[in-house]
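Undergrad: I am sharing data.cif, which consists of mmCIF, C-alpha atoms and all ligand atoms:
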```cif
data_entry
loop_
_atom_site.group_PDB
_atom_site.id
_atom_site.type_symbol
_atom_site.label_atom_id
_atom_site.label_comp_id
_atom_site.auth_asym_id
_atom_site.auth_seq_id
_atom_site.Cartn_x
_atom_site.Cartn_y
_atom_site.Cartn_z
ATOM 1 C CA MET D 1 0.000 0.000 0.000
ATOM 2 C CA SER D 2 1.178 3.504 -0.586
ATOM 3 C CA ILE D 3 0.435 5.367 2.570
ATOM 4 C CA LYS D 4 2.586 8.312 3.512
ATOM 5 C CA LYS D 5 4.527 7.978 6.673
ATOM 6 C CA GLY D 6 5.790 10.197 9.404
ATOM 7 C CA ARG D 7 7.098 13.685 9.092
ATOM 8 C CA GLU D 8 7.512 13.500 5.333
ATOM 9 C CA ALA D 9 3.843 12.635 5.126
ATOM 10 C CA ILE D 10 2.839 15.631 7.170
ATOM 11 C CA GLN D 11 5.087 17.960 5.246
ATOM 12 C CA ALA D 12 4.155 16.594 1.841
ATOM 13 C CA SER D 13 0.548 16.999 2.729
ATOM 14 C CA LEU D 14 1.120 20.534 3.969
ATOM 15 C CA SER D 15 2.502 21.516 0.617
ATOM 16 C CA SER D 16 -0.288 19.792 -1.289
ATOM 17 C CA GLY D 17 -2.745 22.357 -0.052
ATOM 18 C CA LEU D 18 -5.110 19.720 1.190
ATOM 19 C CA GLY D 19 -5.548 21.379 4.531
ATOM 20 C CA ASN D 20 -7.887 24.313 4.667
ATOM 21 C CA LYS D 21 -7.592 26.857 7.421
ATOM 22 C CA ASP D 22 -11.155 28.053 7.134
ATOM 23 C CA TYR D 23 -12.805 24.978 8.522
ATOM 24 C CA LEU D 24 -15.783 25.466 10.666
ATOM 25 C CA GLU D 25 -15.072 22.972 13.393
ATOM 26 C CA THR D 26 -13.514 19.584 13.741
ATOM 27 C CA ASN D 27 -15.568 16.471 13.575
ATOM 28 C CA TRP D 28 -14.241 13.030 14.256
ATOM 29 C CA ILE D 29 -15.852 10.105 12.539
ATOM 30 C CA SER D 30 -15.942 7.014 14.698
ATOM 31 C CA TRP D 31 -18.090 3.962 15.232
ATOM 32 C CA LYS D 32 -19.809 2.443 18.214
ATOM 33 C CA ASN D 33 -19.968 -1.309 18.568
ATOM 34 C CA GLY D 34 -22.419 -2.602 15.966
ATOM 35 C CA GLU D 35 -22.647 0.689 14.121
ATOM 36 C CA THR D 36 -22.548 1.057 10.333
ATOM 37 C CA LYS D 37 -21.605 4.229 8.474
ATOM 38 C CA VAL D 38 -21.452 5.000 4.797
ATOM 39 C CA LEU D 39 -18.620 7.363 3.911
ATOM 40 C CA ARG D 40 -16.933 8.914 0.944
ATOM 41 C CA PHE D 41 -13.235 9.343 1.536
ATOM 42 C CA ILE D 42 -12.023 12.780 0.495
ATOM 43 C CA THR D 43 -8.405 11.877 1.129
ATOM 44 C CA ASP D 44 -7.382 9.000 -1.093
ATOM 45 C CA ILE D 45 -5.217 6.212 0.272
ATOM 46 C CA GLU D 46 -1.975 8.009 -0.611
ATOM 47 C CA ASP D 47 -3.141 11.069 1.340
ATOM 48 C CA THR D 48 -3.727 9.055 4.466
ATOM 49 C CA LEU D 49 -1.242 10.237 7.066
ATOM 50 C CA VAL D 50 0.474 7.624 9.162
ATOM 51 C CA VAL D 51 2.263 8.781 12.264
ATOM 52 C CA ALA D 52 3.634 7.192 15.412
ATOM 53 C CA ILE D 53 1.293 7.990 18.287
ATOM 54 C CA HIS D 54 1.587 7.551 22.028
ATOM 55 C CA SER D 55 -2.095 6.998 22.640
ATOM 56 C CA MET D 56 -4.185 7.431 25.748
ATOM 57 C CA VAL D 57 -1.331 8.759 27.834
ATOM 58 C CA GLU D 58 -2.282 10.091 31.238
ATOM 59 C CA THR D 59 -1.771 13.846 31.393
ATOM 60 C CA HIS D 60 -0.813 16.030 34.356
ATOM 61 C CA ASN D 61 -4.452 16.447 35.358
ATOM 62 C CA GLY D 62 -5.408 12.806 35.110
ATOM 63 C CA LYS D 63 -7.058 12.940 31.699
ATOM 64 C CA ASN D 64 -5.904 10.914 28.720
ATOM 65 C CA ALA D 65 -4.512 12.383 25.528
ATOM 66 C CA ASN D 66 -2.850 11.301 22.320
ATOM 67 C CA PHE D 67 0.625 12.543 21.476
ATOM 68 C CA VAL D 68 2.430 12.378 18.169
ATOM 69 C CA CYS D 69 5.828 10.885 19.016
ATOM 70 C CA ARG D 70 8.421 13.656 19.039
ATOM 71 C CA SER D 71 10.780 11.388 17.099
ATOM 72 C CA VAL D 72 8.576 12.102 14.069
ATOM 73 C CA PHE D 73 10.037 15.609 14.212
ATOM 74 C CA ASP D 74 13.576 14.339 14.899
ATOM 75 C CA ALA D 75 13.341 15.595 18.457
ATOM 76 C CA PRO D 76 14.074 13.704 21.662
ATOM 77 C CA CYS D 77 10.842 12.133 22.884
ATOM 78 C CA GLU D 78 10.084 12.157 26.567
ATOM 79 C CA LEU D 79 7.443 9.452 26.205
ATOM 80 C CA CYS D 80 9.823 7.137 24.346
ATOM 81 C CA GLU D 81 12.371 7.667 27.096
ATOM 82 C CA LYS D 82 9.710 6.576 29.575
ATOM 83 C CA LYS D 83 9.023 3.558 27.362
ATOM 84 C CA VAL D 84 5.417 4.569 26.816
ATOM 85 C CA TYR D 85 3.823 2.320 24.206
ATOM 86 C CA LYS D 86 3.505 3.752 20.730
ATOM 87 C CA ARG D 87 1.815 2.599 17.586
ATOM 88 C CA ASP D 88 1.233 3.802 14.062
ATOM 89 C CA ALA D 89 -2.096 5.478 13.535
ATOM 90 C CA GLY D 90 -3.586 6.467 10.197
ATOM 91 C CA TYR D 91 -5.502 9.699 9.705
ATOM 92 C CA GLY D 92 -7.807 10.411 6.789
ATOM 93 C CA ILE D 93 -10.738 12.683 6.002
ATOM 94 C CA ALA D 94 -14.173 11.587 4.829
ATOM 95 C CA VAL D 95 -17.724 12.841 4.469
ATOM 96 C CA VAL D 96 -20.637 10.959 6.001
ATOM 97 C CA ARG D 97 -23.240 9.799 3.473
ATOM 98 C CA GLN D 98 -26.814 8.664 3.855
ATOM 99 C CA ALA D 99 -29.104 6.484 1.811
ATOM 100 C CA VAL D 100 -31.636 8.011 -0.569
ATOM 101 C CA TYR D 101 -34.866 6.032 -0.710
ATOM 102 C CA GLU D 102 -37.533 5.761 -3.343
ATOM 103 C CA THR D 103 -40.800 4.013 -2.775
ATOM 104 C CA ILE D 104 -41.476 1.538 -5.527
ATOM 105 C CA ASP D 105 -44.737 -0.415 -5.310
ATOM 106 C CA GLY D 106 -45.074 0.592 -1.679
ATOM 107 C CA VAL D 107 -41.610 -0.652 -0.775
ATOM 108 C CA ALA D 108 -38.846 1.772 0.185
ATOM 109 C CA LYS D 109 -35.714 1.016 -1.800
ATOM 110 C CA VAL D 110 -32.227 2.506 -1.589
ATOM 111 C CA VAL D 111 -31.515 4.242 -4.878
ATOM 112 C CA GLY D 112 -28.277 5.982 -3.986
ATOM 113 C CA TYR D 113 -26.402 7.995 -1.387
ATOM 114 C CA GLU D 114 -26.058 11.686 -0.632
ATOM 115 C CA ASP D 115 -24.214 13.843 1.895
ATOM 116 C CA GLN D 116 -25.610 13.821 5.367
ATOM 117 C CA VAL D 117 -26.083 17.470 6.315
ATOM 118 C CA VAL D 118 -26.472 19.345 9.563
ATOM 119 C CA ASP D 119 -27.592 22.878 10.267
ATOM 120 C CA TYR D 120 -25.179 25.492 11.473
ATOM 121 C CA ASP D 121 -25.300 29.205 12.118
ATOM 122 C CA GLU D 122 -23.016 31.457 10.158
ATOM 123 C CA GLU D 123 -22.291 35.007 11.187
ATOM 124 C CA THR D 124 -22.728 37.324 8.256
ATOM 125 C CA PRO D 125 -22.885 41.132 8.010
ATOM 126 C CA GLN D 126 -26.667 40.690 7.869
ATOM 127 C CA GLY D 127 -26.728 38.715 11.089
ATOM 128 C CA ILE D 128 -26.787 35.038 11.840
ATOM 129 C CA VAL D 129 -27.831 32.878 8.940
ATOM 130 C CA ARG D 130 -28.772 29.251 9.302
ATOM 131 C CA LYS D 131 -27.051 27.088 6.719
ATOM 132 C CA LYS D 132 -26.481 23.458 5.967
ATOM 133 C CA ARG D 133 -23.135 21.759 5.821
ATOM 134 C CA PRO D 134 -21.936 18.246 5.112
ATOM 135 C CA VAL D 135 -20.547 16.146 7.944
ATOM 136 C CA VAL D 136 -16.858 16.090 7.068
ATOM 137 C CA GLY D 137 -14.589 14.578 9.663
ATOM 138 C CA ILE D 138 -11.277 12.996 10.515
ATOM 139 C CA ILE D 139 -10.924 9.258 10.854
ATOM 140 C CA ASN D 140 -8.223 8.168 13.265
ATOM 141 C CA GLN D 141 -7.774 4.417 13.184
ATOM 142 C CA SER D 142 -5.147 1.736 13.537
ATOM 143 C CA MET D 143 -3.304 0.358 10.557
ATOM 144 C CA ARG D 144 -3.861 -3.291 11.334
ATOM 145 C CA ASN D 145 -7.494 -3.106 12.182
ATOM 146 C CA PHE D 146 -8.813 -0.508 9.783
ATOM 147 C CA TRP D 147 -6.530 0.988 7.161
ATOM 148 C CA ASN D 148 -5.143 -2.321 5.952
ATOM 149 C CA THR D 149 -8.604 -3.291 4.754
ATOM 150 C CA ILE D 150 -9.210 0.123 3.240
ATOM 151 C CA ALA D 151 -5.895 -0.196 1.400
ATOM 152 C CA LEU D 152 -7.017 -3.563 0.020
ATOM 153 C CA VAL D 153 -10.310 -2.060 -1.127
ATOM 154 C CA HIS D 154 -8.282 0.677 -2.815
ATOM 155 C CA GLU D 155 -6.069 -1.874 -4.511
ATOM 156 C CA LYS D 156 -9.063 -3.721 -5.895
ATOM 157 C CA TYR D 157 -11.476 -0.859 -6.655
ATOM 158 C CA GLY D 158 -9.271 2.174 -7.265
ATOM 159 C CA SER D 159 -9.521 5.692 -5.915
ATOM 160 C CA LEU D 160 -11.428 5.901 -2.650
ATOM 161 C CA ARG D 161 -12.851 9.192 -3.887
ATOM 162 C CA ASP D 162 -14.843 7.440 -6.626
ATOM 163 C CA PHE D 163 -17.218 5.338 -4.554
ATOM 164 C CA ASP D 164 -18.995 5.321 -1.226
ATOM 165 C CA ILE D 165 -17.922 2.725 1.268
ATOM 166 C CA GLU D 166 -19.983 1.079 3.948
ATOM 167 C CA ILE D 167 -17.998 0.418 7.091
ATOM 168 C CA HIS D 168 -19.327 -1.693 9.915
ATOM 169 C CA ARG D 169 -17.812 -2.058 13.353
ATOM 170 C CA GLN D 170 -18.153 -5.222 15.372
ATOM 171 C CA GLY D 171 -16.885 -5.663 18.887
ATOM 172 C CA LYS D 172 -15.188 -3.414 21.354
ATOM 173 C CA GLU D 173 -11.776 -2.507 22.677
ATOM 174 C CA LEU D 174 -9.139 -5.027 21.607
ATOM 175 C CA ASP D 175 -11.798 -7.227 20.054
ATOM 176 C CA THR D 176 -12.878 -4.700 17.443
ATOM 177 C CA VAL D 177 -13.193 -5.624 13.785
ATOM 178 C CA TYR D 178 -14.077 -3.259 10.950
ATOM 179 C CA VAL D 179 -15.735 -4.690 7.850
ATOM 180 C CA SER D 180 -15.771 -2.524 4.729
ATOM 181 C CA PHE D 181 -17.885 -2.883 1.591
ATOM 182 C CA PRO D 182 -17.307 -0.692 -1.447
ATOM 183 C CA LEU D 183 -20.546 0.551 -3.028
ATOM 184 C CA PRO D 184 -21.006 1.050 -6.779
ATOM 185 C CA PRO D 185 -18.790 3.847 -8.166
ATOM 186 C CA LYS D 186 -20.420 7.224 -8.565
ATOM 187 C CA PRO D 187 -18.422 10.425 -8.965
ATOM 188 C CA ILE D 188 -19.164 13.455 -6.824
ATOM 189 C CA GLU D 189 -18.938 16.605 -8.919
ATOM 190 C CA ASN D 190 -16.268 19.173 -8.012
ATOM 191 C CA MET D 191 -15.331 17.227 -4.946
ATOM 192 C CA ASP D 192 -12.492 19.447 -3.827
ATOM 193 C CA SER D 193 -14.357 22.720 -3.935
ATOM 194 C CA ARG D 194 -17.531 21.117 -2.630
ATOM 195 C CA TYR D 195 -15.883 20.192 0.669
ATOM 196 C CA SER D 196 -12.855 22.454 0.931
ATOM 197 C CA LYS D 197 -14.552 24.871 3.297
ATOM 198 C CA PHE D 198 -15.205 22.027 5.720
ATOM 199 C CA MET D 199 -11.853 20.270 5.575
ATOM 200 C CA PRO D 200 -10.149 19.990 8.960
ATOM 201 C CA ASP D 201 -6.510 20.984 9.112
ATOM 202 C CA LEU D 202 -5.155 17.561 9.869
ATOM 203 C CA GLU D 203 -1.470 18.387 9.464
ATOM 204 C CA ASN D 204 -1.696 21.379 11.726
ATOM 205 C CA PHE D 205 -3.412 19.272 14.334
ATOM 206 C CA LEU D 206 -0.832 16.467 14.192
ATOM 207 C CA THR D 207 2.016 18.960 14.307
ATOM 208 C CA HIS D 208 0.392 20.554 17.323
ATOM 209 C CA ILE D 209 -0.051 17.337 19.324
ATOM 210 C CA GLY D 210 3.599 16.501 18.627
ATOM 211 C CA SER D 211 4.933 19.896 19.635
ATOM 212 C CA GLU D 212 7.129 20.651 22.607
ATOM 213 C CA ASP D 213 4.517 23.120 23.868
ATOM 214 C CA TYR D 214 1.861 20.456 23.821
ATOM 215 C CA TYR D 215 4.046 17.970 25.692
ATOM 216 C CA LEU D 216 4.895 20.574 28.319
ATOM 217 C CA SER D 217 1.324 21.697 28.820
ATOM 218 C CA ARG D 218 -0.325 18.294 28.773
ATOM 219 C CA LEU D 219 2.269 16.252 30.604
ATOM 220 C CA HIS D 220 3.501 18.853 33.055
ATOM 221 C CA GLY D 221 0.892 21.594 33.193
ATOM 222 C CA ILE D 222 3.423 24.124 31.928
ATOM 223 C CA ASN D 223 1.574 26.440 29.627
ATOM 224 C CA THR D 224 3.734 28.094 27.051
ATOM 225 C CA GLU D 225 1.028 28.548 24.491
ATOM 226 C CA LYS D 226 0.197 32.160 24.037
ATOM 227 C CA SER D 227 -3.334 32.311 22.832
ATOM 228 C CA GLU D 228 -5.927 30.089 24.386
ATOM 229 C CA VAL D 229 -8.897 29.917 22.115
ATOM 230 C CA THR D 230 -12.114 28.792 23.675
ATOM 231 C CA LYS D 231 -13.511 25.375 23.106
ATOM 232 C CA ALA D 232 -14.810 24.553 19.686
ATOM 233 C CA PRO D 233 -18.556 24.315 19.330
ATOM 234 C CA ALA D 234 -20.083 20.987 20.156
ATOM 235 C CA SER D 235 -19.571 18.415 17.513
ATOM 236 C CA VAL D 236 -22.699 17.539 15.611
ATOM 237 C CA GLY D 237 -23.453 14.697 13.279
ATOM 238 C CA ALA D 238 -20.245 12.775 13.432
ATOM 239 C CA THR D 239 -19.371 11.431 16.815
ATOM 240 C CA LEU D 240 -16.566 12.946 18.774
ATOM 241 C CA ASP D 241 -14.628 9.980 19.994
ATOM 242 C CA THR D 242 -14.002 11.158 23.501
ATOM 243 C CA SER D 243 -12.600 7.852 24.629
ATOM 244 C CA ILE D 244 -9.645 8.138 22.293
ATOM 245 C CA ASP D 245 -9.306 11.781 21.475
ATOM 246 C CA SER D 246 -10.416 13.480 24.621
ATOM 247 C CA ASP D 247 -8.185 16.425 23.916
ATOM 248 C CA ILE D 248 -9.188 16.989 20.380
ATOM 249 C CA ASN D 249 -12.029 19.420 20.285
ATOM 250 C CA GLU D 250 -10.120 22.106 22.074
ATOM 251 C CA LYS D 251 -8.145 25.071 20.956
ATOM 252 C CA THR D 252 -6.087 23.352 18.265
ATOM 253 C CA PHE D 253 -8.206 24.489 15.398
ATOM 254 C CA ALA D 254 -9.240 27.930 14.338
ATOM 255 C CA GLU D 255 -12.965 28.207 14.303
ATOM 256 C CA LYS D 256 -13.523 31.112 12.048
ATOM 257 C CA LEU D 257 -15.367 30.469 8.916
ATOM 258 C CA GLN D 258 -14.779 32.670 5.932
ATOM 259 C CA SER D 259 -17.337 32.107 3.275
ATOM 260 C CA LYS D 260 -15.695 32.673 -0.017
ATOM 261 C CA LEU D 261 -16.225 29.571 -2.036
ATOM 262 C CA VAL D 262 -18.235 29.852 -5.173
ATOM 263 C CA ASP D 263 -18.326 26.276 -6.270
ATOM 264 C CA SER D 264 -19.696 24.621 -3.193
ATOM 265 C CA PRO D 265 -23.384 23.721 -3.045
ATOM 266 C CA TYR D 266 -23.169 24.560 0.624
ATOM 267 C CA GLY D 267 -22.318 28.221 -0.029
HETATM 268 ZN ZN ZN K 1 7.993 8.973 21.372
#
```
Show the structure stored in the file as structure tokens.
TA:
Amino acid sequence: MSIKKGREAIQASLSSGLGNKDYLETNWISWKNGETKVLRFITDIEDTLVVAIHSMVETHNGKNANFVCRSVFDAPCELCEKKVYKRDAGYGIAVVRQAVYETIDGVAKVVGYEDQVVDYDEETPQGIVRKKRPVVGIINQSMRNFWNTIALVHEKYGSLRDFDIEIHRQGKELDTVYVSFPLPPKPIENMDSRYSKFMPDLENFLTHIGSEDYYLSRLHGINTEKSEVTKAPASVGATLDTSIDSDINEKTFAEKLQSKLVDSPYG
């Protein structure tokens, strides 16, 4: 499989312009035991970022947080020195899809899939305007349990951006299995511009949770970060996986939305 790894992956992705600073908020797409979701990957397999993560590490105030291993940035890593377990995690971005039904002879039948949308309020010069946006989110999963299968699907069916994929989770904790079924190919028009406004800044986030400042503040309560932005608005639609990424919805991402895209159906 051709997944990008480590610092090169983050930097290559930074220069590809995939990340968009104007995202609204950060959603995380995750599954509960027994849950099924249909997604369209926006990042193809080669844009999946794989980085070494010290996961669920206890922080100075007793919470758990994920840390990108400092060795990814060629820096000495305190958590490695303490022999804290690390593993590769893969990060990608997808949009949540939902079935479209048609009733034929009194029987509801799935005829296709469309973006799941949620309402949000946008501040405009005319006041607050209620708009709809797609549920775009980050998927953070293990290589062995999740991405390996997605990579196989990619190998067999081609670009992940060309078809929806149904992903089912069975089991919990160490007993979790993800089963993925590709759905018939169907292009989404102008995919990049359609979702660009809602793309989370994955690279910025990963760089942040691997930074010296982050290690100091989370592990030792030493706050060197200058501007503390208030908590992001509550995640809607996609589930915020608090068990794994308890630290995620905080100040790491800018929250300002600048509406400037012309090509997006979501305006
Ligand atoms: Zn480390």
Undergrad: Taking the file as shown, what set of residues would the PyMOL selection byres (((chain D and resi 37) around 7) and not hetatm) give back, as a ChimeraX atom specification?
TA: /D:35-36,38-39,166-168
Undergrad: So that I have them on file, write out the residues from the current selection with C-alpha atoms, as an mmCIF file, keeping the file's coordinate frame.
TA:
```
data_model
loop_
_atom_site.group_PDB
_atom_site.id
_atom_site.type_symbol
_atom_site.label_atom_id
_atom_site.label_comp_id
_atom_site.auth_asym_id
_atom_site.auth_seq_id
_atom_site.Cartn_x
_atom_site.Cartn_y
_atom_site.Cartn_z
ATOM 1 C CA GLU D 35 -22.647 0.689 14.121
ATOM 2 C CA THR D 36 -22.548 1.057 10.333
ATOM 3 C CA VAL D 38 -21.452 5.000 4.797
ATOM 4 C CA LEU D 39 -18.620 7.363 3.911
ATOM 5 C CA GLU D 166 -19.983 1.079 3.948
ATOM 6 C CA ILE D 167 -17.998 0.418 7.091
ATOM 7 C CA HIS D 168 -19.327 -1.693 9.915
#
```
Undergrad: For Ala52 of chain D, list every protein, DNA or RNA residue within 8 Å, evaluated using all atoms listed in the file, and leave out those in the same chain fewer than 2 positions away; present the list as a ChimeraX atom specification.
TA: /D:6,50,54,68-69,72,86-89
Undergrad: Please determine, counting all atoms listed in the file, which residue among D:Gly210, D:Gly221, D:Pro187, D:Gly90 has the shortest atom-to-atom distance to Arg40 of chain D.
TA: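 Distance minimum relative to Arg40 of chain D lands on D:Pro187.
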Undergrad: Enumerate as number ranges by chain the residues within 6 Å of ligand ZN 1 (chain K), counting only C-alpha atoms and all ligand atoms.
TA: D: 69-71, 77, 79-80
Undergrad: Kindly export the residues of the current selection with C-alpha atoms, as a compact mmCIF listing (two decimals), keeping the file's coordinate frame.
TA:
```txt
# COMPACT_ATOMS: atom_id res chain seq x y z
CA CYS D 69 5.83 10.88 19.02
CA ARG D 70 8.42 13.66 19.04
CA SER D 71 10.78 11.39 17.10
CA CYS D 77 10.84 12.13 22.88
CA LEU D 79 7.44 9.45 26.20
CA CYS D 80 9.82 7.14 24.35
```
Undergrad: State, in Å with one decimal place, the distance from atom CA of Val177 of chain D to atom CA of His154 of chain D.
TA: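 Calculated distance between atom CA of Val177 of chain D and atom CA of His154 of chain D is 18.4 Å.
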